[in-house]
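Student: Data: start_12.tsv, TSV, C-alpha atoms.
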chain	number	residue	atom	x	y	z
A	1	MET	CA	112.56	84.92	89.56
A	2	ASN	CA	109.80	87.20	88.27
A	3	ARG	CA	109.39	86.80	84.53
A	4	PRO	CA	109.84	90.16	82.73
A	5	GLU	CA	106.84	89.58	80.47
A	6	LEU	CA	104.67	88.93	83.51
A	7	LEU	CA	105.78	92.14	85.21
A	8	GLN	CA	105.00	94.00	81.99
A	9	ALA	CA	101.54	92.41	81.88
A	10	PHE	CA	100.82	93.42	85.48
A	11	GLU	CA	101.78	97.03	84.70
A	12	ALA	CA	99.93	97.23	81.38
A	13	THR	CA	96.70	95.84	82.83
A	14	TRP	CA	96.80	97.95	86.01
A	15	PRO	CA	98.67	101.12	84.99
A	16	PRO	CA	99.70	104.00	87.28
A	17	LEU	CA	98.43	107.48	86.63
A	18	ALA	CA	101.98	108.69	85.97
A	19	ARG	CA	105.38	107.06	85.68
A	20	GLU	CA	108.86	108.25	84.77
A	21	SER	CA	112.45	107.09	84.83
A	22	LEU	CA	114.57	108.58	87.61
A	23	GLY	CA	118.11	107.24	87.37
A	24	PRO	CA	117.90	103.45	87.77
A	25	PHE	CA	114.37	103.71	89.20
A	26	THR	CA	110.87	103.86	87.78
A	27	TYR	CA	108.89	106.41	89.79
A	28	ARG	CA	105.10	105.99	89.88
A	29	ASP	CA	102.35	108.21	91.23
A	30	GLU	CA	98.74	107.25	91.81
A	31	ALA	CA	96.52	109.12	94.24
A	32	GLY	CA	94.57	106.55	96.22
A	33	GLY	CA	95.19	103.68	93.80
A	34	GLY	CA	97.12	101.43	96.16
A	35	SER	CA	100.74	100.39	96.63
A	36	ARG	CA	101.12	98.55	93.33
A	37	VAL	CA	100.68	101.70	91.23
A	38	SER	CA	102.34	104.03	93.71
A	39	ALA	CA	105.62	102.24	94.41
A	40	ALA	CA	108.97	102.89	92.78
A	41	THR	CA	110.92	99.94	91.39
A	42	LEU	CA	114.60	99.39	90.69
A	43	ASP	CA	115.31	98.73	87.02
A	44	GLY	CA	119.06	99.38	86.86
A	45	ALA	CA	122.20	99.43	88.98
A	46	LEU	CA	121.65	100.61	92.55
A	47	THR	CA	123.83	103.40	93.93
A	48	ASP	CA	123.55	105.44	97.11
A	49	PRO	CA	123.31	108.76	95.18
A	50	ALA	CA	120.47	107.36	93.06
A	51	LEU	CA	118.63	106.24	96.19
A	52	ASP	CA	119.18	109.67	97.74
A	53	GLU	CA	117.72	111.27	94.62
A	54	ILE	CA	114.52	109.25	94.54
A	55	GLU	CA	114.01	109.70	98.29
A	56	ALA	CA	114.25	113.43	97.67
A	57	ARG	CA	111.65	113.15	94.90
A	58	PHE	CA	109.19	111.42	97.19
A	59	ALA	CA	109.74	114.15	99.79
A	60	LYS	CA	109.35	116.91	97.19
A	61	ASP	CA	106.00	115.43	96.13
A	62	GLY	CA	104.86	115.20	99.76
A	63	ARG	CA	104.77	111.43	99.69
A	64	ASP	CA	106.10	108.73	101.98
A	65	ALA	CA	108.85	106.84	100.19
A	66	LEU	CA	107.55	103.50	98.88
A	67	PHE	CA	109.39	100.76	96.98
A	68	GLN	CA	108.40	97.40	95.55
A	69	ILE	CA	111.18	94.81	95.89
A	70	ARG	CA	111.02	91.81	93.58
A	71	SER	CA	112.72	88.42	93.37
A	72	GLY	CA	116.49	88.68	92.98
A	73	GLU	CA	116.72	92.16	94.53
A	74	GLU	CA	118.18	91.10	97.87
A	75	ASP	CA	120.91	93.77	97.81
A	76	PHE	CA	118.31	96.48	97.19
A	77	ASP	CA	116.17	95.09	99.99
A	78	ALA	CA	119.13	95.11	102.37
A	79	ALA	CA	120.01	98.71	101.45
A	80	LEU	CA	116.49	99.85	102.28
A	81	ASP	CA	116.54	97.90	105.52
A	82	VAL	CA	119.73	99.71	106.57
A	83	ARG	CA	118.00	103.02	105.87
A	84	GLY	CA	115.14	102.15	108.21
A	85	TYR	CA	112.49	101.04	105.71
A	86	GLN	CA	109.84	98.65	107.03
A	87	MET	CA	108.68	95.65	105.00
A	88	PHE	CA	104.98	94.93	104.41
A	89	ASP	CA	102.58	93.00	102.17
A	90	PRO	CA	104.69	90.13	100.81
A	91	ALA	CA	102.86	88.80	97.74
A	92	ALA	CA	103.03	85.93	95.30
A	93	CYS	CA	102.70	86.15	91.51
A	94	LEU	CA	100.73	83.17	90.22
A	95	MET	CA	100.18	81.92	86.69
A	96	ALA	CA	98.64	78.97	84.83
A	97	PRO	CA	97.87	77.99	81.23
A	98	LEU	CA	94.21	78.48	80.36
A	99	GLY	CA	93.77	74.77	79.76
A	100	ARG	CA	93.82	74.18	83.51
A	101	PHE	CA	90.53	76.01	84.03
A	102	ALA	CA	87.21	74.26	83.57
A	103	PRO	CA	84.69	75.91	81.22
A	104	ALA	CA	82.24	78.26	82.91
A	105	GLN	CA	78.52	77.63	83.15
A	106	ALA	CA	76.13	80.32	81.90
A	107	LYS	CA	74.28	80.35	85.22
A	108	ASP	CA	77.44	81.36	87.09
A	109	GLY	CA	77.73	84.82	85.53
A	110	TYR	CA	79.04	86.74	82.56
A	111	VAL	CA	81.48	89.38	81.35
A	112	SER	CA	80.57	92.98	80.64
A	113	TRP	CA	81.92	96.49	80.16
A	114	PRO	CA	81.83	99.12	81.66
A	115	PRO	CA	81.50	98.34	85.38
A	116	THR	CA	77.93	98.44	86.62
A	117	ALA	CA	76.59	100.03	89.78
A	118	ILE	CA	76.22	96.66	91.53
A	119	GLN	CA	79.84	95.78	90.71
A	120	ARG	CA	81.01	99.07	92.14
A	121	GLU	CA	79.00	98.34	95.30
A	122	ILE	CA	80.58	94.88	95.71
A	123	TRP	CA	84.04	96.36	95.21
A	124	ALA	CA	83.36	99.20	97.64
A	125	GLU	CA	82.20	96.78	100.33
A	126	GLY	CA	85.51	94.95	99.91
A	127	GLY	CA	87.57	98.12	100.17
A	128	ILE	CA	88.10	98.61	96.42
A	129	GLY	CA	87.04	102.20	95.91
A	130	SER	CA	86.57	104.63	93.04
A	131	SER	CA	90.30	105.29	92.62
A	132	ARG	CA	90.86	101.67	91.68
A	133	VAL	CA	87.85	101.66	89.38
A	134	GLU	CA	89.44	104.65	87.62
A	135	ILE	CA	92.49	102.48	86.94
A	136	MET	CA	90.24	99.93	85.24
A	137	LEU	CA	88.60	102.63	83.14
A	138	ARG	CA	91.89	104.00	81.78
A	139	THR	CA	93.52	100.63	81.10
A	140	ARG	CA	94.12	100.46	77.35
A	141	ALA	CA	94.55	96.69	77.08
A	142	PRO	CA	91.64	94.47	75.96
A	143	LYS	CA	89.54	94.23	79.10
A	144	CYS	CA	86.24	93.33	80.72
A	145	THR	CA	84.64	92.99	84.12
A	146	LEU	CA	83.42	89.71	85.60
A	147	LEU	CA	80.04	89.38	87.28
A	148	GLY	CA	79.43	86.23	89.33
A	149	ARG	CA	75.98	85.15	90.48
A	150	LEU	CA	74.41	82.82	93.01
A	151	GLY	CA	70.99	82.14	91.56
A	152	ASP	CA	69.82	85.49	90.21
A	153	THR	CA	71.82	87.54	92.71
A	154	PRO	CA	75.06	89.29	91.63
A	155	VAL	CA	77.53	88.65	94.45
A	156	GLY	CA	80.99	88.58	92.86
A	157	THR	CA	83.03	90.74	90.54
A	158	GLY	CA	86.50	91.22	89.12
A	159	PHE	CA	88.47	92.88	86.36
A	160	VAL	CA	90.56	91.14	83.72
A	161	ALA	CA	92.73	92.52	80.92
A	162	ILE	CA	95.20	91.04	78.43
A	163	HIS	CA	98.75	92.01	77.55
A	164	ASP	CA	100.98	89.94	75.26
A	165	ARG	CA	98.72	86.86	75.54
A	166	ILE	CA	98.71	86.99	79.34
A	167	ALA	CA	95.30	87.64	80.92
A	168	VAL	CA	95.62	89.23	84.36
A	169	ILE	CA	92.86	89.24	86.96
A	170	HIS	CA	92.63	92.19	89.33
A	171	ALA	CA	90.19	93.21	92.06
A	172	LEU	CA	88.47	89.84	92.42
A	173	GLU	CA	85.91	90.35	95.14
A	174	ILE	CA	83.15	88.10	96.47
A	175	ALA	CA	80.47	89.63	98.70
A	176	LEU	CA	80.79	88.44	102.29
A	177	PRO	CA	77.51	86.41	102.44
A	178	ALA	CA	78.51	84.51	99.27
A	179	ARG	CA	82.00	83.46	100.32
A	180	ARG	CA	83.02	79.81	100.76
A	181	LYS	CA	80.38	78.68	98.28
A	182	GLY	CA	82.65	78.04	95.31
A	183	LEU	CA	81.84	81.25	93.47
A	184	ALA	CA	85.43	82.49	93.21
A	185	ARG	CA	86.41	79.30	91.41
A	186	ARG	CA	83.54	79.76	88.96
A	187	VAL	CA	84.40	83.42	88.36
A	188	MET	CA	87.93	82.32	87.51
A	189	SER	CA	86.44	80.02	84.86
A	190	ILE	CA	84.45	82.95	83.43
A	191	ALA	CA	87.71	84.91	83.20
A	192	ALA	CA	89.50	81.99	81.53
A	193	ASP	CA	86.73	81.57	78.93
A	194	TRP	CA	86.90	85.26	78.03
A	195	ALA	CA	90.69	85.16	77.90
A	196	ARG	CA	90.66	82.19	75.50
A	197	ALA	CA	88.15	83.93	73.25
A	198	ASN	CA	90.37	87.02	73.13
A	199	GLY	CA	93.70	85.45	72.23
A	200	ALA	CA	95.32	84.83	75.61
A	201	ASP	CA	97.02	81.57	76.53
A	202	SER	CA	97.56	82.00	80.28
A	203	LEU	CA	95.96	83.55	83.34
A	204	ALA	CA	97.89	85.38	86.06
A	205	LEU	CA	97.29	87.33	89.24
A	206	GLN	CA	98.94	88.68	92.35
A	207	VAL	CA	97.86	87.82	95.88
A	208	THR	CA	99.22	88.73	99.31
A	209	ARG	CA	100.65	85.84	101.29
A	210	ALA	CA	98.38	86.79	104.19
A	211	ASN	CA	95.39	85.74	102.07
A	212	THR	CA	95.83	82.05	102.74
A	213	ALA	CA	92.32	81.13	101.58
A	214	ALA	CA	92.92	82.67	98.16
A	215	LEU	CA	96.34	81.04	97.87
A	216	ALA	CA	94.77	77.65	98.59
A	217	LEU	CA	92.08	78.22	95.97
A	218	TYR	CA	94.50	79.28	93.26
A	219	SER	CA	96.79	76.35	94.03
A	220	ALA	CA	93.83	73.98	93.72
A	221	LEU	CA	93.10	75.51	90.31
A	222	GLY	CA	96.61	74.62	89.15
A	223	MET	CA	98.15	78.07	89.38
A	224	GLU	CA	101.86	78.08	90.18
A	225	GLU	CA	104.07	80.68	91.81
A	226	VAL	CA	106.33	82.31	89.21
A	227	GLY	CA	107.49	85.35	91.18
A	228	GLN	CA	107.17	87.30	94.37
A	229	TYR	CA	107.56	90.79	95.77
A	230	HIS	CA	107.06	92.87	98.87
A	231	TYR	CA	107.06	96.55	99.74
A	232	ARG	CA	109.21	98.73	101.96
A	233	THR	CA	108.27	102.17	103.17
A	234	LYS	CA	109.59	104.83	105.47
A	235	ILE	CA	107.46	107.68	106.71
A	236	LEU	CA	109.38	110.83	105.92
A	237	THR	CA	109.19	113.77	108.28
A	238	GLY	CA	109.13	117.43	107.48
A	239	HIS	CA	107.08	117.29	104.27
A	240	PRO	CA	103.55	118.69	103.87
When written as structure tokens, how does the structure in this file appear?

Tutor:
Amino acid sequence: MNRPELLQAFEATWPPLARESLGPFTYRDEAGGGSRVSAATLDGALTDPALDEIEARFAKDGRDALFQIRSGEEDFDAALDVRGYQMFDPAACLMAPLGRFAPAQAKDGYVSWPPTAIQREIWAEGGIGSSRVEIMLRTRAPKCTLLGRLGDTPVGTGFVAIHDRIAVIHALEIALPARRKGLARRVMSIAADWARANGADSLALQVTRANTAALALYSALGMEEVGQYHYRTKILTGHP
């Protein structure tokens, strides 16, 4: 089961542009920011009229209906399946106490704020564009970026922010030529050091199950699965 405080930390450290309550749902809107900040979630009792209402809201806003379904929401998932929604991007929520991470070495990189041009380039090469960087910029939680190096060359970056003593890593990206050289592990240590220094006691992240290499790395670092989710969407016809 997803822990409520962890879900709150994910939202606080990677916030949507706009969110509002719509019956039992939370409706989010984020132009170009990805599924996580654009999906609606169920936070109350599901009814067919409530589902009709939020589908109508998506259509009114000219958007394809998109929902995130979390652990324990099997009935909601089944209701969307009956309505023709397709599932995609199953993901795991991972977490570990900071004591499981080895201290970072100064040569491996450092933390900084705001994002630099080279960090933006590394993100862009990995498909993390300006819309996601804007999310980092508006996050109100204590935050920093991570810059990982091989020798004197910056080749890795990420974003980390803290909510309620949980440090959450987002947008961890290693440049293609530098992958499989242990840099991601070392960047995680940089994040853990910063989190300890800023009052956190655990480190968390979300990763798609298709990213088997990342799942193996995080498991080797002692991170454990504490929740899961996936998305369902249905392309609506007749809207602009």

Student: Using CA of Lys143 (chain A) and CA of Ile162 (chain A) as the two end points, give the distance in Å to one decimal.

Tutor: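 Separation of CA of Lys143 (chain A) and CA of Ile162 (chain A): 6.5 Å.
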
Student: Could you check which residues have any atom within 12 Å of (119.8, 105.8, 95.8), counting all atoms listed in the file with coordinates taken straight from the file, and then list them as a ChimeraX atom specification?

Tutor: /A:22-25,40-42,44-57,65,67,76,79-80,83

Student: Could you pull the residues within 12 Å of Arg36 (chain A), counting all atoms listed in the file, minus those fewer than 2 positions along the same chain, as a ChimeraX atom specification?

Tutor: /A:7,10-11,13-17,27-34,38-41,66-70,89-91,132,135,170,206-208,229-232

Student: Rounded to one decimal, what separation in Å do you get between CA of Thr139 (chain A) and CA of His163 (chain A)?

Tutor: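 CA of His163 (chain A) lies at a distance of 10.7 Å from CA of Thr139 (chain A).
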
Student: What separation in Å, quoted to one decimal, exists between CA of Ala59 (chain A) and CA of Val82 (chain A)?

Tutor: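 Taking CA of Ala59 (chain A) as the start and CA of Val82 (chain A) as the end point, the length is 18.8 Å.
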
Student: Hey, which of A:Gly182, A:Pro103, A:Gly156, A:Gly151 ends up closest to Ala124 (chain A)? Count only C-alpha atoms.

Tutor: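 Of A:Gly182, A:Pro103, A:Gly156, A:Gly151, the one nearest Ala124 (chain A), counting only C-alpha atoms, is A:Gly156.
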
Student: From the set A:Val168, A:Thr145, A:Met95, A:Glu173, which residue has the shortest atom-to-atom contact distance to Gly127 (chain A), counting only C-alpha atoms?

Tutor: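 The closest residue to Gly127 (chain A) is A:Glu173.
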
Student: Distance table requested - region 158-186 of chain A against region 215-225 of chain A, cut-off 12 Å, only C-alpha atoms: one row per qualifying residue with the closest atom pair and its distance in Å to one decimal, ordered by chain and rising residue number, as a tab-separated table.

Tutor:
residue	atom	partner	partner_atom	distance
A:Ile169	CA	A:Tyr218	CA	11.9
A:Arg180	CA	A:Leu217	CA	10.4
A:Lys181	CA	A:Leu217	CA	11.9
A:Gly182	CA	A:Leu217	CA	9.5
A:Leu183	CA	A:Leu217	CA	11.0
A:Ala184	CA	A:Leu217	CA	8.4
A:Arg185	CA	A:Leu217	CA	7.4
A:Arg186	CA	A:Leu221	CA	10.5

Student: Just the selected residues (C-alpha atoms), exported as a short mmCIF file (atom, residue, chain, number, x, y, z; two decimals), keeping the file's coordinate frame, please.

Tutor:
data_model
loop_
_atom_site.label_atom_id
_atom_site.label_comp_id
_atom_site.auth_asym_id
_atom_site.auth_seq_id
_atom_site.Cartn_x
_atom_site.Cartn_y
_atom_site.Cartn_z
CA ILE A 169 92.86 89.24 86.96
CA ARG A 180 83.02 79.81 100.76
CA LYS A 181 80.38 78.68 98.28
CA GLY A 182 82.65 78.04 95.31
CA LEU A 183 81.84 81.25 93.47
CA ALA A 184 85.43 82.49 93.21
CA ARG A 185 86.41 79.30 91.41
CA ARG A 186 83.54 79.76 88.96
#

Student: Tell me which of A:Ala214, A:Met87, A:Ala12, A:Ala195 sits closest to Arg165 (chain A), counting only C-alpha atoms.

Tutor: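 For Arg165 (chain A), the nearest of the candidates is A:Ala195.
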
Student: Write out as a list in words the residues lying within 9 Å of Lys107 (chain A), counting all atoms listed in the file and excluding same-chain residues fewer than 6 positions away.

Tutor: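 Counting all atoms listed in the file, the residues come to Gly148, Arg149, Leu150, Gly151 and Asp152 of chain A.
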
Student: Export, as a compact mmCIF listing (two decimals), in the coordinates of the input, the selected residues with C-alpha atoms.

Tutor:
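Output saved as result-v4.txt:
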# COMPACT_ATOMS: atom_id res chain seq x y z
CA GLY A 148 79.43 86.23 89.33
CA ARG A 149 75.98 85.15 90.48
CA LEU A 150 74.41 82.82 93.01
CA GLY A 151 70.99 82.14 91.56
CA ASP A 152 69.82 85.49 90.21

Student: Please tell me which residues are no farther than 8 Å from (91.6, 77.3, 84.8) in the file, counting all atoms listed in the file, and write them as a list in words.

Tutor: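 All residues meeting the 8 Å criterion around (91.6, 77.3, 84.8) are Ala96, Pro97, Leu98, Gly99, Arg100, Phe101, Ala102, Pro103, Met188, Ser189, Ala192, Leu203, Leu221 and Gly222 of chain A.
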
Student: Please list as a list in words every residue within 7 Å of Cys144 (chain A), counting all atoms listed in the file and excluding residues in the same chain fewer than 3 positions away.

Tutor: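 Contacts, with the query itself left out: Val111, Ser112, Trp113, Phe159, Val160 and Ala161 of chain A.
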
Student: So, with all atoms listed in the file as the atoms that count, which of A:Ala92, A:Val37, A:Ala141, A:Ala200 lies closest to Ala18 (chain A)?

Tutor: A:Val37
